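Colleague: One file is attached below, model22.cif, containing mmCIF, C-alpha atoms and all ligand atoms.
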```
data_structure
loop_
_atom_site.label_atom_id
_atom_site.label_comp_id
_atom_site.auth_asym_id
_atom_site.auth_seq_id
_atom_site.Cartn_x
_atom_site.Cartn_y
_atom_site.Cartn_z
CA MET A 10 0.00 0.00 0.00
CA GLY A 11 1.12 3.51 -0.79
CA SER A 12 1.04 4.72 2.80
CA VAL A 13 3.35 1.95 3.96
CA GLU A 14 5.78 2.72 1.18
CA THR A 15 5.76 6.40 2.09
CA SER A 16 6.40 5.73 5.77
CA ASN A 17 9.48 3.69 4.89
CA LYS A 18 11.00 6.54 2.98
CA ASP A 19 12.48 8.38 5.92
CA THR A 20 15.23 10.92 5.51
CA ASN A 21 17.91 8.24 5.64
CA GLY A 22 16.30 5.84 3.27
CA SER A 23 18.04 6.98 0.14
CA LEU A 24 21.41 6.86 1.91
CA LEU A 25 20.90 3.33 3.10
CA ASN A 26 19.49 2.12 -0.19
CA LYS A 27 22.49 3.29 -2.15
CA ASN A 28 24.86 1.57 0.29
CA PRO A 29 27.56 4.16 -0.37
CA THR A 30 31.30 3.88 0.17
CA ILE A 31 32.23 6.32 2.90
CA VAL A 32 35.82 7.23 3.73
CA PHE A 33 36.36 9.50 6.72
CA VAL A 34 39.38 11.75 6.20
CA LEU A 35 40.85 12.82 9.53
CA GLY A 36 43.98 14.55 10.79
CA GLY A 37 44.87 17.70 12.68
CA PRO A 38 44.15 21.19 11.38
CA GLY A 39 46.59 21.88 8.53
CA SER A 40 47.60 18.23 8.08
CA GLY A 41 46.57 18.43 4.40
CA LYS A 42 43.13 16.80 4.37
CA GLY A 43 41.60 19.20 1.85
CA THR A 44 44.68 19.16 -0.40
CA GLN A 45 44.81 15.37 -0.57
CA CYS A 46 41.03 15.00 -0.96
CA ALA A 47 41.25 17.11 -4.14
CA ASN A 48 43.85 14.66 -5.49
CA VAL A 49 41.77 11.62 -4.58
CA VAL A 50 38.69 13.12 -6.27
CA GLU A 51 40.73 13.66 -9.42
CA HIS A 52 42.12 10.12 -9.52
CA PHE A 53 39.44 7.97 -7.99
CA GLY A 54 36.11 9.68 -8.70
CA TYR A 55 35.00 10.28 -5.13
CA THR A 56 32.85 13.22 -4.08
CA HIS A 57 34.66 15.40 -1.52
CA LEU A 58 32.54 16.67 1.34
CA SER A 59 34.41 18.92 3.77
CA ALA A 60 32.42 19.41 6.97
CA GLY A 61 34.23 22.71 7.55
CA ASP A 62 33.43 23.94 4.03
CA LEU A 63 29.77 22.99 4.44
CA LEU A 64 29.60 24.86 7.75
CA ARG A 65 31.28 27.93 6.26
CA ALA A 66 28.82 27.86 3.33
CA GLU A 67 25.99 27.68 5.84
CA ILE A 68 27.27 30.88 7.52
CA LYS A 69 27.41 32.64 4.13
CA SER A 70 23.91 31.48 3.19
CA GLY A 71 22.47 33.54 6.03
CA SER A 72 20.93 30.52 7.73
CA GLU A 73 19.44 30.92 11.20
CA ASN A 74 22.32 28.83 12.58
CA GLY A 75 24.91 31.03 10.88
CA THR A 76 25.88 33.15 13.85
CA MET A 77 26.16 30.15 16.17
CA ILE A 78 28.35 28.29 13.65
CA GLN A 79 30.54 31.35 13.07
CA ASN A 80 31.12 31.82 16.80
CA MET A 81 32.02 28.17 17.29
CA ILE A 82 34.46 28.13 14.38
CA LYS A 83 36.15 31.30 15.68
CA GLU A 84 36.66 29.53 19.00
CA GLY A 85 37.77 26.27 17.37
CA LYS A 86 34.83 24.47 18.95
CA ILE A 87 32.92 21.61 17.38
CA VAL A 88 29.45 22.45 16.11
CA PRO A 89 26.64 20.16 17.37
CA SER A 90 26.46 17.10 15.16
CA GLU A 91 22.79 17.64 14.37
CA VAL A 92 23.72 20.69 12.28
CA THR A 93 26.72 19.13 10.54
CA ILE A 94 25.04 15.81 9.79
CA LYS A 95 22.07 17.55 8.14
CA LEU A 96 24.48 19.39 5.84
CA LEU A 97 26.38 16.18 5.04
CA GLN A 98 23.19 14.24 4.33
CA ARG A 99 21.92 16.94 2.00
CA ALA A 100 25.23 17.04 0.13
CA ILE A 101 25.34 13.26 -0.16
CA GLN A 102 21.84 13.12 -1.55
CA GLU A 103 22.42 15.98 -3.99
CA SER A 104 25.69 14.51 -5.32
CA GLY A 105 24.30 11.56 -7.24
CA ASN A 106 27.54 9.73 -6.44
CA ASP A 107 27.94 6.62 -4.30
CA LYS A 108 31.45 7.18 -2.93
CA PHE A 109 32.40 9.95 -0.59
CA LEU A 110 35.38 11.42 1.18
CA ILE A 111 34.02 12.96 4.34
CA ASP A 112 36.75 15.41 5.36
CA GLY A 113 37.00 16.71 8.93
CA PHE A 114 34.20 14.55 10.27
CA PRO A 115 33.64 12.89 12.73
CA ARG A 116 35.64 15.23 14.92
CA ASN A 117 34.45 13.98 18.28
CA GLU A 118 32.58 11.08 19.83
CA GLU A 119 29.27 12.92 19.52
CA ASN A 120 29.80 13.39 15.74
CA ARG A 121 30.74 9.74 15.35
CA ALA A 122 27.91 8.20 17.34
CA ALA A 123 25.25 10.50 15.88
CA PHE A 124 26.28 9.83 12.27
CA GLU A 125 26.17 6.11 12.85
CA LYS A 126 22.79 6.35 14.58
CA VAL A 127 21.18 8.63 12.00
CA THR A 128 22.51 6.95 8.85
CA GLY A 129 23.26 3.42 10.03
CA ILE A 130 26.49 3.71 8.06
CA GLU A 131 30.01 2.76 9.16
CA PRO A 132 32.97 4.04 7.14
CA THR A 133 34.70 1.63 4.79
CA PHE A 134 37.97 2.94 6.23
CA VAL A 135 39.45 6.04 7.84
CA LEU A 136 42.32 7.91 6.24
CA TYR A 137 44.43 9.56 8.94
CA PHE A 138 46.94 12.23 7.98
CA ASP A 139 49.47 12.24 10.77
CA CYS A 140 51.51 15.44 11.07
CA PRO A 141 53.51 17.15 13.87
CA GLU A 142 51.97 20.28 15.35
CA GLU A 143 54.90 22.56 14.38
CA GLU A 144 54.41 21.66 10.72
CA MET A 145 50.62 22.06 10.89
CA GLU A 146 51.06 25.44 12.57
CA ARG A 147 53.43 26.62 9.83
CA ARG A 148 50.97 25.53 7.14
CA LEU A 149 47.93 27.13 8.79
CA LEU A 150 49.72 30.44 9.33
CA SER A 151 50.56 30.60 5.63
CA ARG A 152 47.30 29.17 4.25
CA ASN A 153 46.06 32.63 3.21
CA GLN A 154 42.45 31.71 2.65
CA GLY A 155 41.23 34.53 4.87
CA ARG A 156 39.84 32.10 7.42
CA GLU A 157 38.86 33.62 10.74
CA ASP A 158 40.24 30.60 12.58
CA ASP A 159 43.73 30.61 11.01
CA ASN A 160 45.25 32.85 13.70
CA ILE A 161 47.65 31.60 16.35
CA GLU A 162 45.17 31.96 19.23
CA THR A 163 42.44 29.89 17.53
CA ILE A 164 44.99 27.46 16.06
CA ARG A 165 46.15 26.56 19.60
CA LYS A 166 42.54 25.92 20.62
CA ARG A 167 42.01 23.73 17.55
CA PHE A 168 45.12 21.68 18.35
CA LYS A 169 43.80 21.12 21.88
CA VAL A 170 40.37 20.05 20.56
CA PHE A 171 42.09 17.71 18.09
CA LEU A 172 44.10 16.01 20.83
CA GLU A 173 41.26 15.81 23.33
CA SER A 174 38.25 15.09 21.10
CA SER A 175 39.31 13.97 17.61
CA LEU A 176 42.21 11.61 18.37
CA PRO A 177 39.92 9.40 20.49
CA VAL A 178 37.70 8.92 17.41
CA ILE A 179 40.74 7.87 15.38
CA ASN A 180 41.71 5.45 18.17
CA TYR A 181 38.17 4.07 18.18
CA TYR A 182 38.40 3.18 14.49
CA ASP A 183 41.98 1.98 14.87
CA ALA A 184 40.78 -0.61 17.38
CA LYS A 185 38.43 -1.82 14.65
CA GLY A 186 41.29 -2.10 12.15
CA LYS A 187 39.84 0.67 9.98
CA VAL A 188 42.57 3.32 10.16
CA ARG A 189 45.00 3.85 7.26
CA LYS A 190 47.66 6.14 8.72
CA ILE A 191 49.75 8.27 6.41
CA ASP A 192 52.83 10.34 7.27
CA ALA A 193 51.56 13.76 6.18
CA ALA A 194 54.71 15.74 7.02
CA ARG A 195 56.20 15.05 3.58
CA PRO A 196 55.72 17.01 0.32
CA VAL A 197 52.20 16.90 -1.21
CA GLU A 198 53.19 14.50 -4.01
CA GLU A 199 54.78 12.00 -1.63
CA VAL A 200 51.78 12.05 0.68
CA PHE A 201 49.55 11.43 -2.31
CA GLU A 202 51.62 8.42 -3.38
CA SER A 203 50.84 6.89 0.02
CA ALA A 204 47.15 7.80 -0.32
CA LYS A 205 47.03 6.19 -3.75
CA ALA A 206 48.34 2.96 -2.30
CA VAL A 207 45.45 2.95 0.17
CA PHE A 208 42.75 3.49 -2.46
CA GLY A 209 44.48 0.98 -4.70
CA PRO A 210 44.69 0.55 -8.47
CA LYS A 211 41.33 -1.21 -8.63
CA THR A 212 39.30 1.92 -8.01
CA GLU A 213 41.48 4.25 -10.09
CA LYS A 214 39.63 5.93 -12.97
CA ALA A 215 40.64 4.69 -16.40
N1 LIG B 301 52.24 18.08 2.20
C1 LIG B 301 52.22 19.40 2.32
N2 LIG B 301 53.35 20.12 2.42
C2 LIG B 301 53.33 21.47 2.55
N3 LIG B 301 52.19 22.21 2.56
C3 LIG B 301 51.01 21.55 2.45
C4 LIG B 301 50.96 20.12 2.33
N4 LIG B 301 49.66 19.75 2.24
C5 LIG B 301 48.94 20.88 2.32
N5 LIG B 301 49.73 21.97 2.43
C6 LIG B 301 49.33 23.37 2.58
O1 LIG B 301 49.00 23.53 3.97
C7 LIG B 301 47.82 24.28 4.12
C8 LIG B 301 46.77 23.41 4.83
O2 LIG B 301 46.37 22.36 3.94
P1 LIG B 301 44.87 21.85 3.89
O3 LIG B 301 44.79 20.85 2.79
O4 LIG B 301 43.95 23.01 3.84
O5 LIG B 301 44.78 21.10 5.32
P2 LIG B 301 43.56 20.70 6.24
O6 LIG B 301 42.34 20.59 5.37
O7 LIG B 301 43.93 19.41 6.88
O8 LIG B 301 43.46 21.81 7.25
C9 LIG B 301 47.41 24.74 2.74
O9 LIG B 301 47.91 26.04 2.52
C10 LIG B 301 48.07 23.72 1.82
O10 LIG B 301 48.38 24.27 0.56
N1 LIG B 302 32.85 18.05 12.02
C1 LIG B 302 33.19 19.34 12.13
C2 LIG B 302 34.14 19.92 11.24
C3 LIG B 302 34.47 21.24 11.41
N2 LIG B 302 33.89 21.98 12.38
C4 LIG B 302 34.25 23.39 12.62
O1 LIG B 302 34.90 23.94 11.50
C5 LIG B 302 36.24 24.34 11.84
C6 LIG B 302 37.13 24.20 10.64
O2 LIG B 302 37.14 22.84 10.22
P1 LIG B 302 37.93 22.42 8.91
O3 LIG B 302 37.82 20.95 8.76
O4 LIG B 302 37.53 23.26 7.77
O5 LIG B 302 39.43 22.82 9.35
P2 LIG B 302 40.80 22.19 8.88
O6 LIG B 302 41.07 20.98 9.72
O7 LIG B 302 40.63 21.84 7.43
O8 LIG B 302 41.82 23.26 9.08
C7 LIG B 302 36.57 23.47 13.05
O9 LIG B 302 37.63 24.01 13.83
C8 LIG B 302 35.25 23.49 13.79
O10 LIG B 302 35.04 24.72 14.46
C9 LIG B 302 32.97 21.39 13.23
O11 LIG B 302 32.45 22.05 14.13
N3 LIG B 302 32.62 20.08 13.08
MG MG B 303 40.42 21.45 5.48
#
```
Kindly return the structure encoded in the file as structure tokens.
Ligand SMILES: Nc1ncnc2c1ncn2[C@@H]1O[C@H](COP(=O)(O)OP(=O)(O)O)[C@@H](O)[C@H]1O
Ligand SMILES: Nc1ccn([C@@H]2O[C@H](COP(=O)(O)OP(=O)(O)O)[C@@H](O)[C@H]2O)c(=O)n1
Ligand SMILES: [Mg+2]
Modeller:
Amino acid sequence: MGSVETSNKDTNGSLLNKNPTIVFVLGGPGSGKGTQCANVVEHFGYTHLSAGDLLRAEIKSGSENGTMIQNMIKEGKIVPSEVTIKLLQRAIQESGNDKFLIDGFPRNEENRAAFEKVTGIEPTFVLYFDCPEEEMERRLLSRNQGREDDNIETIRKRFKVFLESSLPVINYYDAKGKVRKIDAARPVEEVFESAKAVFGPKTEKA
């Protein structure tokens, strides 16, 4: 009956039905997540969804959450997962693709548990760009994208949040054998060679 069919089509239905490949891309601020995601998109046909980019677009769009998001980003704090997950779900559904790099998410336990609960999806694997703080700090201070959080005061707060809230998520997935750790302190091309080896020749575009 039509009504039964309709009731089954909840907001997550289309996500579950497509059974997408989800790769979480994690690493400290400035470790090179965005840079390497662009390379992976080019070579392997994934759709890149940066949680930070989606949140910044939400501020620009004049959404009612905009001011709250802006204040949290300025302080290096993690936005409630409800907001971020809605943006990710919308982007996933609009993409038409079935393989995604989710960059900068999940950033804490709340992000992780909520995504799993709402979508029922576990990542295929987690790419972890491991980089020393001194190198990340140098990169962030010369990123020149006009970001309000790329100043030394906010950068220090973001490093603290990474250590206290994001690393435990990486450890959680590591215990499940899902983490592919890459030494991100090397030049972009070398880091990408390691990333390529993780994605493997099988999924490379012809
Ligand atoms: N391997 C690398 N070596 C040197 N600079 C890099 C490297 N990867 C990225 N960068 C630069 O560092 C800055 C931060 O990189 P980005 O990809 O935005 O990192 P994230 O998304 O993890 O914060 C950018 O200016 C980028 O051009
Ligand atoms: N899952 C996420 C991702 C980002 N953010 C916010 O967005 C900021 C910038 O995230 P980003 O991923 O663009 O930053 P980088 O690690 O790329 O430098 C974070 O410091 C958080 O304030 C969040 O609240 N929740
Ligand atoms: Mg980024």
Colleague: Could you produce a table of the residues of chain A lying within 7 Å of ligand LIG 301 (chain B), with the nearest pair of atoms per residue and their separation in Å rounded to one decimal, using all atoms listed in the file, ordered by chain and increasing residue number, as a Markdown table?
Modeller:
```
| residue | atom | partner | partner_atom | distance |
| --- | --- | --- | --- | --- |
| A:Gly36 | CA | B:LIG301 | O7 | 6.2 |
| A:Gly37 | CA | B:LIG301 | O7 | 6.1 |
| A:Pro38 | CA | B:LIG301 | O8 | 4.2 |
| A:Gly39 | CA | B:LIG301 | O8 | 3.4 |
| A:Ser40 | CA | B:LIG301 | O7 | 4.0 |
| A:Gly41 | CA | B:LIG301 | O5 | 3.3 |
| A:Lys42 | CA | B:LIG301 | O7 | 3.7 |
| A:Gly43 | CA | B:LIG301 | O3 | 3.7 |
| A:Thr44 | CA | B:LIG301 | O3 | 3.6 |
| A:Gln45 | CA | B:LIG301 | O3 | 6.4 |
| A:Arg148 | CA | B:LIG301 | O1 | 4.2 |
| A:Leu149 | CA | B:LIG301 | C7 | 5.5 |
| A:Ser151 | CA | B:LIG301 | O9 | 6.1 |
| A:Arg152 | CA | B:LIG301 | O9 | 3.6 |
| A:Asn153 | CA | B:LIG301 | O9 | 6.9 |
| A:Ala193 | CA | B:LIG301 | N1 | 5.9 |
| A:Ala194 | CA | B:LIG301 | N1 | 5.9 |
| A:Arg195 | CA | B:LIG301 | N1 | 5.2 |
| A:Pro196 | CA | B:LIG301 | N1 | 4.1 |
| A:Val197 | CA | B:LIG301 | N1 | 3.6 |
| A:Val200 | CA | B:LIG301 | N1 | 6.2 |
```
Colleague: A:Ser70, A:Asn160, A:Gln102, A:Thr133: which is nearest ligand LIG 302 (chain B), counting all atoms listed in the file?
Modeller: A:Asn160
Colleague: Name each residue within 7 Å of ligand LIG 302 (chain B), counting all atoms listed in the file, as a list of chain:residue names.
Modeller: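 The residues within 7 Å of ligand LIG 302 (chain B), counting all atoms listed in the file, are A:Gly37, A:Pro38, A:Gly39, A:Lys42, A:Gly43, A:Ser59, A:Ala60, A:Gly61, A:Asp62, A:Leu64, A:Met81, A:Ile82, A:Lys83, A:Glu84, A:Gly85, A:Lys86, A:Ile87, A:Val88, A:Pro89, A:Thr93, A:Asp112, A:Gly113, A:Phe114, A:Pro115, A:Arg116, A:Asn120, A:Arg167.
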Colleague: Please measure the separation of CA of Lys187 in chain A and CA of Val135 in chain A, giving the value in Å to one decimal.
Modeller: 5.8 Å
Colleague: What's the separation between CA of Asn48 in chain A and CA of Phe138 in chain A, in Å to one decimal place?
Modeller: 14.0 Å
Colleague: What is the CA of Cys140 in chain A to CA of Pro177 in chain A distance in Å?
Modeller: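 Separation between CA of Cys140 in chain A and CA of Pro177 in chain A: 16.1 Å.
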Colleague: Which one of A:Asn117, A:Gln154, A:Gln79, A:Ser72 sits closest to ligand MG 303 (chain B) if you count all atoms listed in the file?
Modeller: A:Gln154
Colleague: Please tell me which residues are no farther than 12 Å from (40.9, 7.1, 18.2) in the file, counting all atoms listed in the file, and write them as JSON, numbers by chain.
Modeller: {"A": [35, 36, 115, 116, 117, 118, 121, 135, 137, 171, 172, 173, 174, 175, 176, 177, 178, 179, 180, 181, 182, 183, 184, 185, 186, 187, 188, 190]}
Colleague: With all atoms listed in the file as the atoms that count, which of A:Leu63, A:Ile94, A:Ile130, A:Val207 lies nearest to ligand MG 303 (chain B)?
Modeller: A:Leu63
Colleague: Hey, which of A:Phe53, A:Asn106, A:Leu58, A:Ile101 ends up closest to ligand MG 303 (chain B)? Count only C-alpha atoms and all ligand atoms.
Modeller: A:Leu58
Colleague: Which one of A:Arg156, A:Lys126, A:Lys108, A:His52 sits closest to ligand MG 303 (chain B) if you count all atoms listed in the file?
Modeller: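 Closest candidate: A:Arg156.
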Colleague: Considering all atoms listed in the file, state which residue in the set A:Ile191, A:Ile68, A:Asp158, A:Pro29 is at the smallest distance from ligand MG 303 (chain B).
Modeller: A:Asp158
Colleague: Output as JSON the centre and edge lengths (Å, one decimal) of the box along x, y and z of the file that holds every listed atom of range 153-159 of chain A after adding 6 Å on each side.
Modeller:
```
{"center_x": 42.5, "center_y": 32.6, "center_z": 7.6, "size_x": 19.2, "size_y": 15.9, "size_z": 21.9}
```
